[in-house]
Structures are given as structure tokens and as C-alpha cells.
file run-v8.txt (compact mmCIF, C-alpha atoms)
# COMPACT_ATOMS: atom_id res chain seq x y z
CA MET P 1 0.00 0.00 0.00
CA THR P 2 1.20 3.51 -0.84
CA VAL P 3 0.01 6.49 1.19
CA LEU P 4 0.61 10.17 0.49
CA VAL P 5 1.19 12.12 3.70
CA THR P 6 1.29 15.87 3.21
CA GLY P 7 3.03 18.02 5.81
CA ALA P 8 5.42 15.10 6.35
CA ALA P 9 8.13 17.30 7.90
CA GLY P 10 5.58 18.89 10.23
CA PHE P 11 4.80 17.80 13.78
CA ILE P 12 1.82 15.49 13.23
CA GLY P 13 2.85 14.44 9.71
CA PHE P 14 6.27 13.30 10.92
CA HIS P 15 4.77 11.08 13.62
CA VAL P 16 2.16 9.65 11.24
CA CYS P 17 4.89 8.78 8.74
CA ARG P 18 7.01 7.06 11.39
CA ARG P 19 4.08 4.94 12.54
CA LEU P 20 2.98 3.93 9.04
CA LEU P 21 6.56 3.12 8.02
CA ALA P 22 6.90 0.91 11.11
CA ASP P 23 3.73 -0.85 9.95
CA GLY P 24 5.33 -1.58 6.55
CA VAL P 25 3.45 1.02 4.52
CA ARG P 26 5.16 2.77 1.61
CA ILE P 27 5.02 6.53 2.18
CA VAL P 28 5.40 9.46 -0.16
CA GLY P 29 5.90 12.44 2.13
CA LEU P 30 5.19 15.93 0.82
CA ASP P 31 6.31 19.20 2.42
CA ASN P 32 7.27 22.66 1.18
CA LEU P 33 9.62 23.24 4.17
CA ASN P 34 8.36 26.80 4.65
CA ASP P 35 9.80 29.07 7.32
CA TYR P 36 6.67 29.58 9.46
CA TYR P 37 8.87 28.14 12.22
CA ASP P 38 12.45 26.86 12.50
CA VAL P 39 13.20 24.97 9.28
CA SER P 40 16.06 23.08 10.95
CA LEU P 41 13.53 21.29 13.15
CA LYS P 42 11.62 20.20 10.03
CA LYS P 43 14.83 19.05 8.36
CA ASP P 44 15.83 17.02 11.41
CA ARG P 45 12.45 15.27 11.39
CA LEU P 46 12.88 14.63 7.68
CA GLU P 47 16.36 13.20 8.17
CA ILE P 48 14.91 10.51 10.44
CA LEU P 49 12.23 9.61 7.88
CA ARG P 50 14.72 9.46 5.00
CA LYS P 51 16.56 6.61 6.71
CA GLU P 52 13.61 4.35 5.90
CA ASP P 53 13.65 2.46 2.59
CA ASN P 54 9.90 2.82 2.15
CA PHE P 55 9.97 6.63 2.39
CA LEU P 56 10.14 8.95 -0.62
CA PHE P 57 10.23 12.71 -0.07
CA ALA P 58 8.67 15.26 -2.43
CA GLU P 59 9.53 18.89 -1.72
CA LEU P 60 6.45 20.52 -3.16
CA ASP P 61 3.89 23.19 -2.28
CA LEU P 62 0.21 22.24 -2.30
CA VAL P 63 -0.59 25.36 -4.30
CA ASP P 64 1.57 24.16 -7.21
CA SER P 65 -1.30 22.68 -9.21
CA LYS P 66 0.88 21.29 -12.02
CA GLY P 67 3.31 19.75 -9.58
CA MET P 68 0.49 18.20 -7.58
CA GLU P 69 -1.09 16.81 -10.74
CA ARG P 70 2.22 15.15 -11.69
CA LEU P 71 2.70 13.76 -8.19
CA PHE P 72 -0.68 12.02 -8.24
CA LYS P 73 -0.18 10.69 -11.79
CA GLU P 74 3.30 9.32 -11.11
CA ASN P 75 2.24 7.51 -7.92
CA SER P 76 -0.69 5.20 -7.38
CA PHE P 77 -1.80 6.44 -3.98
CA ASP P 78 -4.15 4.08 -2.21
CA GLN P 79 -4.90 6.65 0.47
CA VAL P 80 -4.05 10.25 1.28
CA VAL P 81 -3.53 11.86 4.69
CA ASN P 82 -3.56 15.63 4.26
CA LEU P 83 -1.85 17.30 7.22
CA ALA P 84 -0.22 20.18 5.33
CA ALA P 85 -1.71 23.57 6.11
CA GLN P 86 -0.84 27.05 7.23
CA ALA P 87 -1.32 26.65 10.96
CA GLY P 88 -1.80 29.08 13.82
CA VAL P 89 -4.73 31.20 14.95
CA ARG P 90 -2.63 34.24 15.86
CA TYR P 91 -0.56 34.26 12.67
CA SER P 92 -3.78 34.39 10.64
CA LEU P 93 -4.28 37.92 11.97
CA GLU P 94 -0.93 38.97 10.49
CA ASN P 95 -0.79 37.09 7.20
CA PRO P 96 -4.31 36.08 6.09
CA LYS P 97 -3.32 35.44 2.47
CA ALA P 98 -1.12 32.50 3.50
CA TYR P 99 -4.25 30.73 4.77
CA VAL P 100 -6.17 31.26 1.55
CA ASP P 101 -3.25 29.96 -0.52
CA SER P 102 -2.36 26.86 1.48
CA ASN P 103 -5.59 25.91 3.19
CA LEU P 104 -8.01 26.65 0.37
CA SER P 105 -6.16 26.57 -2.97
CA GLY P 106 -3.82 23.85 -1.75
CA PHE P 107 -6.64 21.72 -0.40
CA LEU P 108 -8.47 22.03 -3.71
CA ASN P 109 -5.43 20.47 -5.42
CA ILE P 110 -5.58 17.57 -2.96
CA LEU P 111 -9.27 17.01 -3.70
CA GLU P 112 -8.66 17.17 -7.45
CA GLY P 113 -5.79 14.69 -7.18
CA CYS P 114 -7.93 12.25 -5.21
CA ARG P 115 -10.87 12.68 -7.58
CA HIS P 116 -8.92 11.99 -10.77
CA ASN P 117 -6.73 9.16 -9.47
CA GLN P 118 -9.13 6.76 -7.75
CA VAL P 119 -7.83 7.37 -4.21
CA ALA P 120 -9.75 5.03 -1.91
CA HIS P 121 -9.81 7.30 1.14
CA LEU P 122 -8.83 10.88 1.99
CA ILE P 123 -8.27 11.81 5.62
CA TYR P 124 -7.62 15.48 6.24
CA ALA P 125 -6.89 17.74 9.20
CA SER P 126 -9.56 20.07 10.44
CA SER P 127 -9.39 21.81 13.82
CA SER P 128 -11.22 22.36 17.09
CA SER P 129 -11.03 26.05 16.14
CA VAL P 130 -14.09 25.58 13.91
CA TYR P 131 -16.31 25.56 17.01
CA GLY P 132 -15.72 29.31 17.38
CA LEU P 133 -18.54 30.93 19.34
CA ASN P 134 -20.06 27.57 20.34
CA THR P 135 -20.29 27.28 24.13
CA ARG P 136 -22.16 23.99 24.63
CA MET P 137 -19.66 21.48 26.01
CA PRO P 138 -18.35 19.04 25.07
CA PHE P 139 -18.03 20.11 21.44
CA SER P 140 -19.85 17.69 19.15
CA VAL P 141 -19.47 17.11 15.41
CA HIS P 142 -23.26 17.04 15.28
CA ASP P 143 -23.47 20.71 16.31
CA ASN P 144 -23.56 23.59 13.84
CA VAL P 145 -20.21 25.44 13.48
CA ASP P 146 -20.98 28.57 11.47
CA HIS P 147 -19.34 31.21 13.69
CA PRO P 148 -15.52 30.92 13.51
CA LEU P 149 -13.39 33.49 15.38
CA SER P 150 -10.34 33.54 13.08
CA LEU P 151 -9.51 33.15 9.41
CA TYR P 152 -7.60 29.99 10.29
CA ALA P 153 -10.79 28.50 11.76
CA ALA P 154 -12.80 29.72 8.77
CA SER P 155 -10.34 28.04 6.39
CA LYS P 156 -10.73 24.75 8.24
CA LYS P 157 -14.51 25.02 8.13
CA ALA P 158 -14.17 25.71 4.39
CA ASN P 159 -12.10 22.51 4.05
CA GLU P 160 -14.98 20.53 5.55
CA LEU P 161 -17.44 22.09 3.10
CA MET P 162 -15.15 21.52 0.12
CA ALA P 163 -14.56 17.90 1.17
CA HIS P 164 -18.29 17.31 1.44
CA ALA P 165 -18.92 18.73 -2.02
CA TYR P 166 -16.35 16.38 -3.58
CA SER P 167 -17.63 13.44 -1.57
CA HIS P 168 -21.16 14.16 -2.81
CA LEU P 169 -20.27 14.87 -6.43
CA TYR P 170 -17.69 12.12 -7.00
CA SER P 171 -18.45 9.54 -4.27
CA LEU P 172 -15.01 10.22 -2.80
CA PRO P 173 -14.68 8.67 0.70
CA VAL P 174 -13.53 11.55 2.93
CA THR P 175 -12.89 11.75 6.67
CA GLY P 176 -12.21 15.03 8.46
CA LEU P 177 -10.49 15.10 11.86
CA ARG P 178 -10.92 18.03 14.23
CA PHE P 179 -7.68 18.01 16.23
CA PHE P 180 -7.70 19.35 19.79
CA THR P 181 -4.43 21.03 20.97
CA VAL P 182 -1.91 18.39 19.96
CA TYR P 183 1.35 18.24 21.94
CA GLY P 184 4.35 15.97 22.42
CA PRO P 185 7.99 15.36 21.36
CA TRP P 186 9.05 17.09 18.13
CA GLY P 187 6.17 19.55 18.64
CA ARG P 188 5.69 22.95 17.03
CA PRO P 189 7.71 25.85 18.49
CA ASP P 190 4.70 28.19 18.31
CA MET P 191 2.59 26.00 20.63
CA ALA P 192 2.19 26.67 24.35
CA LEU P 193 4.15 23.68 25.70
CA PHE P 194 7.17 24.49 23.54
CA LEU P 195 7.01 28.24 24.26
CA PHE P 196 6.58 27.75 28.01
CA THR P 197 9.34 25.15 28.32
CA ARG P 198 11.83 27.30 26.40
CA ALA P 199 11.03 30.44 28.41
CA ILE P 200 11.13 28.73 31.83
CA LEU P 201 14.52 27.15 31.08
CA ALA P 202 15.82 30.54 29.94
CA GLY P 203 14.52 32.27 33.07
CA GLU P 204 12.15 34.39 31.02
CA PRO P 205 8.49 35.21 31.81
CA ILE P 206 5.76 33.30 30.00
CA GLU P 207 2.73 35.02 28.50
CA VAL P 208 -0.45 33.57 30.00
CA PHE P 209 -3.58 34.75 28.21
CA ASN P 210 -7.07 35.19 29.67
CA GLN P 211 -5.41 35.46 33.11
CA GLY P 212 -4.73 31.71 32.93
CA GLU P 213 -8.44 30.86 32.90
CA MET P 214 -8.27 29.08 29.52
CA LEU P 215 -9.37 25.44 29.33
CA ARG P 216 -7.76 23.24 26.70
CA ASP P 217 -8.31 19.61 25.71
CA PHE P 218 -4.61 18.74 25.34
CA THR P 219 -4.13 15.62 23.19
CA TYR P 220 -0.90 13.63 23.08
CA ILE P 221 0.64 12.99 19.67
CA ASP P 222 0.68 9.17 19.97
CA ASP P 223 -3.07 9.20 20.58
CA ILE P 224 -3.62 11.38 17.52
CA VAL P 225 -1.55 9.00 15.38
CA GLU P 226 -3.37 5.94 16.69
CA GLY P 227 -6.69 7.50 15.74
CA ILE P 228 -5.50 8.29 12.21
CA VAL P 229 -4.04 4.81 11.68
CA ARG P 230 -7.24 3.12 12.83
CA LEU P 231 -9.36 5.29 10.57
CA LEU P 232 -7.31 4.75 7.39
CA PRO P 233 -8.90 1.38 6.51
CA HIS P 234 -12.26 2.50 7.92
CA LEU P 235 -13.95 3.99 4.87
CA PRO P 236 -16.83 6.34 5.68
CA ALA P 237 -20.19 5.00 4.55
CA PRO P 238 -23.20 7.11 3.58
CA ASN P 239 -25.59 7.75 6.44
CA ARG P 240 -28.82 6.20 5.15
CA ASP P 241 -30.81 7.88 7.91
CA TRP P 242 -29.59 11.40 7.05
CA ASN P 243 -32.49 13.82 6.83
CA GLY P 244 -32.42 17.14 4.99
CA PHE P 245 -35.17 18.53 7.25
CA SER P 246 -32.84 18.16 10.26
CA PRO P 247 -29.38 17.84 8.67
CA ASP P 248 -26.61 16.25 10.72
CA PRO P 249 -23.36 18.26 10.21
CA GLY P 250 -21.19 15.27 11.18
CA SER P 251 -22.36 12.88 8.47
CA SER P 252 -24.02 12.84 5.06
CA PRO P 253 -25.81 10.70 2.46
CA ALA P 254 -22.37 10.87 0.79
CA PRO P 255 -19.37 8.81 2.04
CA TYR P 256 -18.32 11.62 4.38
CA ARG P 257 -17.62 11.76 8.14
CA LEU P 258 -16.27 14.20 10.71
CA TYR P 259 -14.66 13.16 14.00
CA ASN P 260 -13.29 15.00 16.99
CA ILE P 261 -9.95 13.65 18.14
CA GLY P 262 -9.20 15.06 21.58
CA ASN P 263 -8.38 13.86 25.07
CA HIS P 264 -11.98 14.41 26.30
CA SER P 265 -10.53 15.98 29.46
CA PRO P 266 -10.07 19.77 29.41
CA VAL P 267 -7.39 21.21 31.70
CA LYS P 268 -7.03 24.74 33.07
CA LEU P 269 -3.99 26.50 31.62
CA LEU P 270 -2.57 27.24 35.10
CA ASP P 271 -2.71 23.51 35.93
CA PHE P 272 -0.98 22.76 32.62
CA ILE P 273 1.79 25.19 33.57
CA ALA P 274 2.11 23.58 37.01
CA LEU P 275 2.79 20.21 35.35
CA ILE P 276 5.48 21.77 33.17
CA GLU P 277 7.07 23.29 36.27
CA LYS P 278 7.00 19.88 37.95
CA SER P 279 8.66 18.18 34.99
CA LEU P 280 11.34 20.87 34.71
CA GLY P 281 11.88 21.25 38.44
CA MET P 282 11.63 25.02 37.96
CA LYS P 283 9.04 27.71 38.64
CA ALA P 284 7.59 29.89 35.90
CA GLU P 285 7.40 33.65 36.04
CA MET P 286 3.98 34.45 34.60
CA GLU P 287 2.77 37.56 32.82
CA LEU P 288 -1.03 37.40 33.02
CA LEU P 289 -2.66 38.93 29.96
CA PRO P 290 -6.19 39.36 28.55
CA MET P 291 -7.69 37.07 25.90
CA GLN P 292 -6.14 37.38 22.46
CA PRO P 293 -8.28 38.03 19.35
CA GLY P 294 -9.27 34.78 17.65
CA ASP P 295 -8.85 32.61 20.76
CA VAL P 296 -11.67 30.74 22.51
CA PRO P 297 -11.84 30.36 26.30
CA ALA P 298 -12.34 26.59 26.31
CA THR P 299 -12.16 23.45 24.17
CA TYR P 300 -13.58 20.04 25.10
CA ALA P 301 -13.97 17.16 22.64
CA ASP P 302 -16.86 14.75 22.48
CA VAL P 303 -15.10 11.65 21.06
CA ALA P 304 -18.04 9.22 21.23
CA ASP P 305 -18.29 8.96 17.42
CA LEU P 306 -14.59 8.12 17.06
CA GLN P 307 -14.86 5.49 19.76
CA ALA P 308 -17.92 3.97 18.12
CA ALA P 309 -16.28 3.93 14.68
CA VAL P 310 -12.90 2.36 15.51
CA ASP P 311 -13.10 1.45 19.22
CA PHE P 312 -10.55 4.07 20.18
CA SER P 313 -10.28 7.09 22.42
CA PRO P 314 -7.11 8.91 23.57
CA LYS P 315 -5.72 7.71 26.88
CA THR P 316 -2.29 9.30 27.54
CA PRO P 317 -2.29 11.20 30.87
CA LEU P 318 -1.25 14.83 30.54
CA GLU P 319 1.52 14.48 33.12
CA THR P 320 3.04 11.58 31.16
CA GLY P 321 2.85 13.46 27.87
CA ILE P 322 4.49 16.57 29.31
CA LYS P 323 7.30 14.49 30.85
CA ASN P 324 7.95 12.89 27.46
CA PHE P 325 8.08 16.30 25.78
CA VAL P 326 10.43 17.78 28.38
CA GLN P 327 12.76 14.80 28.08
CA TRP P 328 12.83 15.17 24.28
CA TYR P 329 13.33 18.94 24.52
CA ARG P 330 16.31 18.64 26.90
CA GLU P 331 17.94 15.98 24.71
CA TYR P 332 17.30 17.80 21.43
CA TYR P 333 18.47 21.20 22.64
CA ARG P 334 21.06 19.79 25.07
CA CYS P 335 19.86 21.85 28.00

call {"tool": "encode", "arguments": {"input": "run-v8.txt", "output": "C-alpha cells"}}
result
Amino acid sequence: MTVLVTGAAGFIGFHVCRRLLADGVRIVGLDNLNDYYDVSLKKDRLEILRKEDNFLFAELDLVDSKGMERLFKENSFDQVVNLAAQAGVRYSLENPKAYVDSNLSGFLNILEGCRHNQVAHLIYASSSSVYGLNTRMPFSVHDNVDHPLSLYAASKKANELMAHAYSHLYSLPVTGLRFFTVYGPWGRPDMALFLFTRAILAGEPIEVFNQGEMLRDFTYIDDIVEGIVRLLPHLPAPNRDWNGFSPDPGSSPAPYRLYNIGNHSPVKLLDFIALIEKSLGMKAEMELLPMQPGDVPATYADVADLQAAVDFSPKTPLETGIKNFVQWYREYYRC
């Protein structure tokens, strides 16, 4: 089996590739190695993947329509895992065009490649950010999500709509995954765990938004990967009970499904910081700040549908996940 994994040098893509390679799957990994964050970290992830015989790397941007067309034609992809995107809620306030290019135009090229090359299953990354102004907890894929708070969130909602259109028009099996605050070794430098760990070790203050009253459903990377791997052979089937008078946003009469993939256990940001302090053996100096534009005060994933579909729900305790990250960080940065 050959699987295309986009964003292969990124945090989640790297871990997905490693797991699939260990399972004997042939991987074509795509990444444009952009400089949104430290490229050397991406290259070090890539160096590990390139040691595997079953891994082929394609340095390519999703928005390169001709290049993407060639890539699909030259490889017979059985399945596609699309994890490439312009990430970050806050950066979308500074550079909105990057989100239109990568997350909309780039995703269209993925859909077109799958449509024209008989790909059996497309799994793509959405985000908990799509819940926006929703306040009913836990967040459910069966709830309406029409009020995003950032362009990043809007682009992810647009991905879900685009995927549904292609699933409906071309009977393309498509599964969208709404990720909830993914963390772990080899994580992104713009994420809270990475930022806090670096600052605490350097003796610098950490910026704590919403006075530390944020709640986040932190989800360990190994749990995310396990969910993706279990879903790959699980093709979404049309929901025969779907009713247009009371439409279910999480399913469709087309072969289309949405799932939350989160820890189903929201944690207060101040408690999260306390666990980092415990793992580091150091106290944090905190600068308490108001809520940032585009952020939401809480996230909490209802994962019942994922559990029903593939008998899986994330299980890694937060303290264990943070310890694993801190150990990796100290080894990687030799500090």
C-alpha cells in the first residue's frame, strides 16, 4: 500500500509517517519546508524519515497545481492523509493570504488529485477552532459550526465544506479530523508547551492569556496518530438515515464523516503550567494577559463517534505526555 502524507516534515505528519513506516506502509511524504517556524527542526524530522527504505520525499507546495497533478499521476496512492496547512490562529491575523493559498487553494489540489486518481480514502486535518462561538460542552461534530473566530478557523470550516462537495459529487470517501491542541515530542515551536518550556529554562516570563483561565483539551501525539491509523482502513459510509429537514453536520448521504480527536478531558492552563514546572523542576514567572483576538476560552472534545467507529479514544495522561516532551526537549536542545 502507498500512502501520500502531506506536511510530512511537520509535527503530526512526521509522527504519522514514522508509525505507518513501522507498519510496513510505503510513504510518499510531501512538504514545502516553509519558514513559518524553524526549518532546521523540520529538516531534522525529515532526516529521520529518510533513513527508511519505504519513504520517498517530495519537496512541493500544495498550491503548485501542475506539480500536484504530476505527483498524483506518477504515484498510485491508495490513500491520502492531508496534514499540510498554514497553521496558527494568531498568525492568521498577520498574514491572512497565507491561509487562503495553502488551506483553500492547496486543499483544492488535494481534492482534485484524489478525484482523478481513484484514491480510496482521503483523511484530512480540520481543527477544534471551527467551534468558534459555540459554548455547549463538550463540542460535538453534530453541532452547527458557522461562527468561527479567526480566518484559520474559517479556512478549516471551508475545508470541511469543500470535502463534502467532492464526496457528494464524486463519491469520494472523505474523513475530516478536528484536532484538539496536539502536543508531544518534536512539537511545534509556536505552541504553548514548547514556548513555556523554552522560556522557563531561559529564566524568562511566560505570556499567559485570559489570566490563565483558559481550558484546553490537550491531546498527546501518539493518541492522535493511533486514531488516524485506525481510521485509514475505515472507509466512511453514507448515512442512510440522514435527513435534509434536520441535517446532521457530522455525516451525510455521501461517504463523508467528521470526527473529533481530543483527550476528552479539558485542563485549566494554570494547571498545565504547574505540570510543566513539575517536569522541569523550575518555577515559571507568569505575565497574566487578557484574551487574544481569535482565541476561545475553552475546548472540550466529544469523542463518542470516534470510539464507536474504531473502538478508540485517547488515553495518555497529561503528566506523562508533558514528561515525554520535556525529556525530548532537553535531549534535542542539550539543555

call {"tool": "residues_near_point", "arguments": {"input": "run-v8.txt", "point": "(-9.4, 7.0, 1.5)", "cutoff": "9 Å", "atoms": "only C-alpha atoms", "output": "ChimeraX atom specification"}}
result
/P:78-81,114,119-123,172-175,232-236

call {"tool": "closest_residue", "arguments": {"input": "run-v8.txt", "among": "P:His147, P:Arg240, P:Lys73, P:Arg257", "to": "His164 of chain P", "atoms": "all atoms listed in the file"}}
result
P:Arg257

call {"tool": "closest_residue", "arguments": {"input": "run-v8.txt", "among": "P:Thr2, P:Arg90, P:Leu30, P:Leu21", "to": "Asn75 of chain P", "atoms": "only C-alpha atoms"}}
result
P:Thr2

call {"tool": "residues_near_point", "arguments": {"input": "run-v8.txt", "point": "(-0.8, 11.4, -3.1)", "cutoff": "12 Å", "atoms": "all atoms listed in the file", "output": "ChimeraX atom specification"}}
result
/P:1-8,26-31,56-58,60,62,67-83,109-123

call {"tool": "axis_aligned_box", "arguments": {"input": "run-v8.txt", "around": "segment 235-247 of chain P", "padding_each_side": "3 Å", "output": "AutoDock Vina command-line options"}}
result
--center_x -24.6 --center_y 11.3 --center_z 6.9 --size_x 27.2 --size_y 20.5 --size_z 12.7

call {"tool": "residues_around", "arguments": {"input": "run-v8.txt", "residues": "Lys283 of chain P", "least_positions_apart": "4", "cutoff": "9 Å", "atoms": "only C-alpha atoms", "output": "PyMOL selection string"}}
result
chain P and resi 200+274+276-278

call {"tool": "closest_residue", "arguments": {"input": "run-v8.txt", "among": "P:Tyr36, P:Tyr99, P:Tyr91, P:Tyr256", "to": "Tyr166 of chain P", "atoms": "all atoms listed in the file"}}
result
P:Tyr256

call {"tool": "closest_atom_pairs", "arguments": {"input": "run-v8.txt", "of": "segment 115-215 of chain P", "to": "segment 291-305 of chain P", "cutoff": "12 Å", "atoms": "all atoms listed in the file", "output": "JSON lines"}}
result
{"residue": "P:Ser127", "atom": "CA", "partner": "P:Thr299", "partner_atom": "CA", "distance": 10.8}
{"residue": "P:Ser128", "atom": "CA", "partner": "P:Thr299", "partner_atom": "CA", "distance": 7.2}
{"residue": "P:Ser129", "atom": "CA", "partner": "P:Val296", "partner_atom": "CA", "distance": 7.9}
{"residue": "P:Val130", "atom": "CA", "partner": "P:Val296", "partner_atom": "CA", "distance": 10.3}
{"residue": "P:Tyr131", "atom": "CA", "partner": "P:Thr299", "partner_atom": "CA", "distance": 8.5}
{"residue": "P:Gly132", "atom": "CA", "partner": "P:Val296", "partner_atom": "CA", "distance": 6.7}
{"residue": "P:Leu133", "atom": "CA", "partner": "P:Val296", "partner_atom": "CA", "distance": 7.6}
{"residue": "P:Asn134", "atom": "CA", "partner": "P:Val296", "partner_atom": "CA", "distance": 9.2}
{"residue": "P:Thr135", "atom": "CA", "partner": "P:Ala298", "partner_atom": "CA", "distance": 8.3}
{"residue": "P:Arg136", "atom": "CA", "partner": "P:Tyr300", "partner_atom": "CA", "distance": 9.5}
{"residue": "P:Met137", "atom": "CA", "partner": "P:Tyr300", "partner_atom": "CA", "distance": 6.3}
{"residue": "P:Pro138", "atom": "CA", "partner": "P:Tyr300", "partner_atom": "CA", "distance": 4.9}
{"residue": "P:Phe139", "atom": "CA", "partner": "P:Ala301", "partner_atom": "CA", "distance": 5.2}
{"residue": "P:Ser140", "atom": "CA", "partner": "P:Asp302", "partner_atom": "CA", "distance": 5.4}
{"residue": "P:Val141", "atom": "CA", "partner": "P:Asp302", "partner_atom": "CA", "distance": 7.9}
{"residue": "P:His142", "atom": "CA", "partner": "P:Asp305", "partner_atom": "CA", "distance": 9.7}
{"residue": "P:Asp143", "atom": "CA", "partner": "P:Asp302", "partner_atom": "CA", "distance": 10.8}
{"residue": "P:His147", "atom": "CA", "partner": "P:Gly294", "partner_atom": "CA", "distance": 11.4}
{"residue": "P:Pro148", "atom": "CA", "partner": "P:Gly294", "partner_atom": "CA", "distance": 8.4}
{"residue": "P:Leu149", "atom": "CA", "partner": "P:Gly294", "partner_atom": "CA", "distance": 4.9}
{"residue": "P:Ser150", "atom": "CA", "partner": "P:Gly294", "partner_atom": "CA", "distance": 4.9}
{"residue": "P:Leu151", "atom": "CA", "partner": "P:Gly294", "partner_atom": "CA", "distance": 8.4}
{"residue": "P:Tyr152", "atom": "CA", "partner": "P:Gly294", "partner_atom": "CA", "distance": 8.9}
{"residue": "P:Ala153", "atom": "CA", "partner": "P:Gly294", "partner_atom": "CA", "distance": 8.7}
{"residue": "P:Ala154", "atom": "CA", "partner": "P:Gly294", "partner_atom": "CA", "distance": 10.8}
{"residue": "P:Leu177", "atom": "CA", "partner": "P:Val303", "partner_atom": "CA", "distance": 10.9}
{"residue": "P:Arg178", "atom": "CA", "partner": "P:Ala301", "partner_atom": "CA", "distance": 9.0}
{"residue": "P:Phe179", "atom": "CA", "partner": "P:Ala301", "partner_atom": "CA", "distance": 9.0}
{"residue": "P:Phe180", "atom": "CA", "partner": "P:Ala301", "partner_atom": "CA", "distance": 7.2}
{"residue": "P:Thr181", "atom": "CA", "partner": "P:Thr299", "partner_atom": "CA", "distance": 8.7}
{"residue": "P:Glu207", "atom": "CA", "partner": "P:Met291", "partner_atom": "CA", "distance": 10.9}
{"residue": "P:Val208", "atom": "CA", "partner": "P:Met291", "partner_atom": "CA", "distance": 9.0}
{"residue": "P:Phe209", "atom": "CA", "partner": "P:Met291", "partner_atom": "CA", "distance": 5.3}
{"residue": "P:Asn210", "atom": "CA", "partner": "P:Met291", "partner_atom": "CA", "distance": 4.3}
{"residue": "P:Gln211", "atom": "CA", "partner": "P:Met291", "partner_atom": "CA", "distance": 7.7}
{"residue": "P:Gly212", "atom": "CA", "partner": "P:Met291", "partner_atom": "CA", "distance": 9.3}
{"residue": "P:Glu213", "atom": "CA", "partner": "P:Pro297", "partner_atom": "CA", "distance": 7.4}
{"residue": "P:Met214", "atom": "CA", "partner": "P:Pro297", "partner_atom": "CA", "distance": 5.0}
{"residue": "P:Leu215", "atom": "CA", "partner": "P:Ala298", "partner_atom": "CA", "distance": 4.4}

call {"tool": "closest_residue", "arguments": {"input": "run-v8.txt", "among": "P:Gln327, P:Ser246, P:Asn263, P:Ser102", "to": "Phe218 of chain P", "atoms": "all atoms listed in the file"}}
result
P:Asn263

call {"tool": "residues_around", "arguments": {"input": "run-v8.txt", "residues": "segment 226-229 of chain P", "least_positions_apart": "4", "cutoff": "8 Å", "atoms": "all atoms listed in the file", "output": "list in words"}}
result
Val16, Leu20, Ile123, Asp222, Pro233, Ile261, Phe312, Ser313 and Pro314 of chain P

call {"tool": "closest_residue", "arguments": {"input": "run-v8.txt", "among": "P:Gly250, P:Gly281, P:Gly24, P:Pro96", "to": "Ser155 of chain P", "atoms": "all atoms listed in the file"}}
result
P:Pro96

call {"tool": "atom_distance", "arguments": {"input": "run-v8.txt", "atom1": "atom CA of Val63 of chain P", "atom2": "atom CA of Gly88 of chain P"}}
result
18.5 Å

call {"tool": "atom_distance", "arguments": {"input": "run-v8.txt", "atom1": "atom CA of Arg19 of chain P", "atom2": "atom CA of Ile48 of chain P"}}
result
12.4 Å

call {"tool": "atom_distance", "arguments": {"input": "run-v8.txt", "atom1": "atom CA of Phe11 of chain P", "atom2": "atom CA of Gly187 of chain P"}}
result
5.3 Å

call {"tool": "closest_residue", "arguments": {"input": "run-v8.txt", "among": "P:Met191, P:Leu275, P:Val39, P:Ala254", "to": "Glu319 of chain P", "atoms": "all atoms listed in the file"}}
result
P:Leu275

call {"tool": "residues_around", "arguments": {"input": "run-v8.txt", "residues": "Lys323 of chain P", "least_positions_apart": "5", "cutoff": "12 Å", "atoms": "only C-alpha atoms", "output": "PyMOL selection string"}}
result
chain P and resi 183-185+193+197+220+272+275-281+316-318+328-330
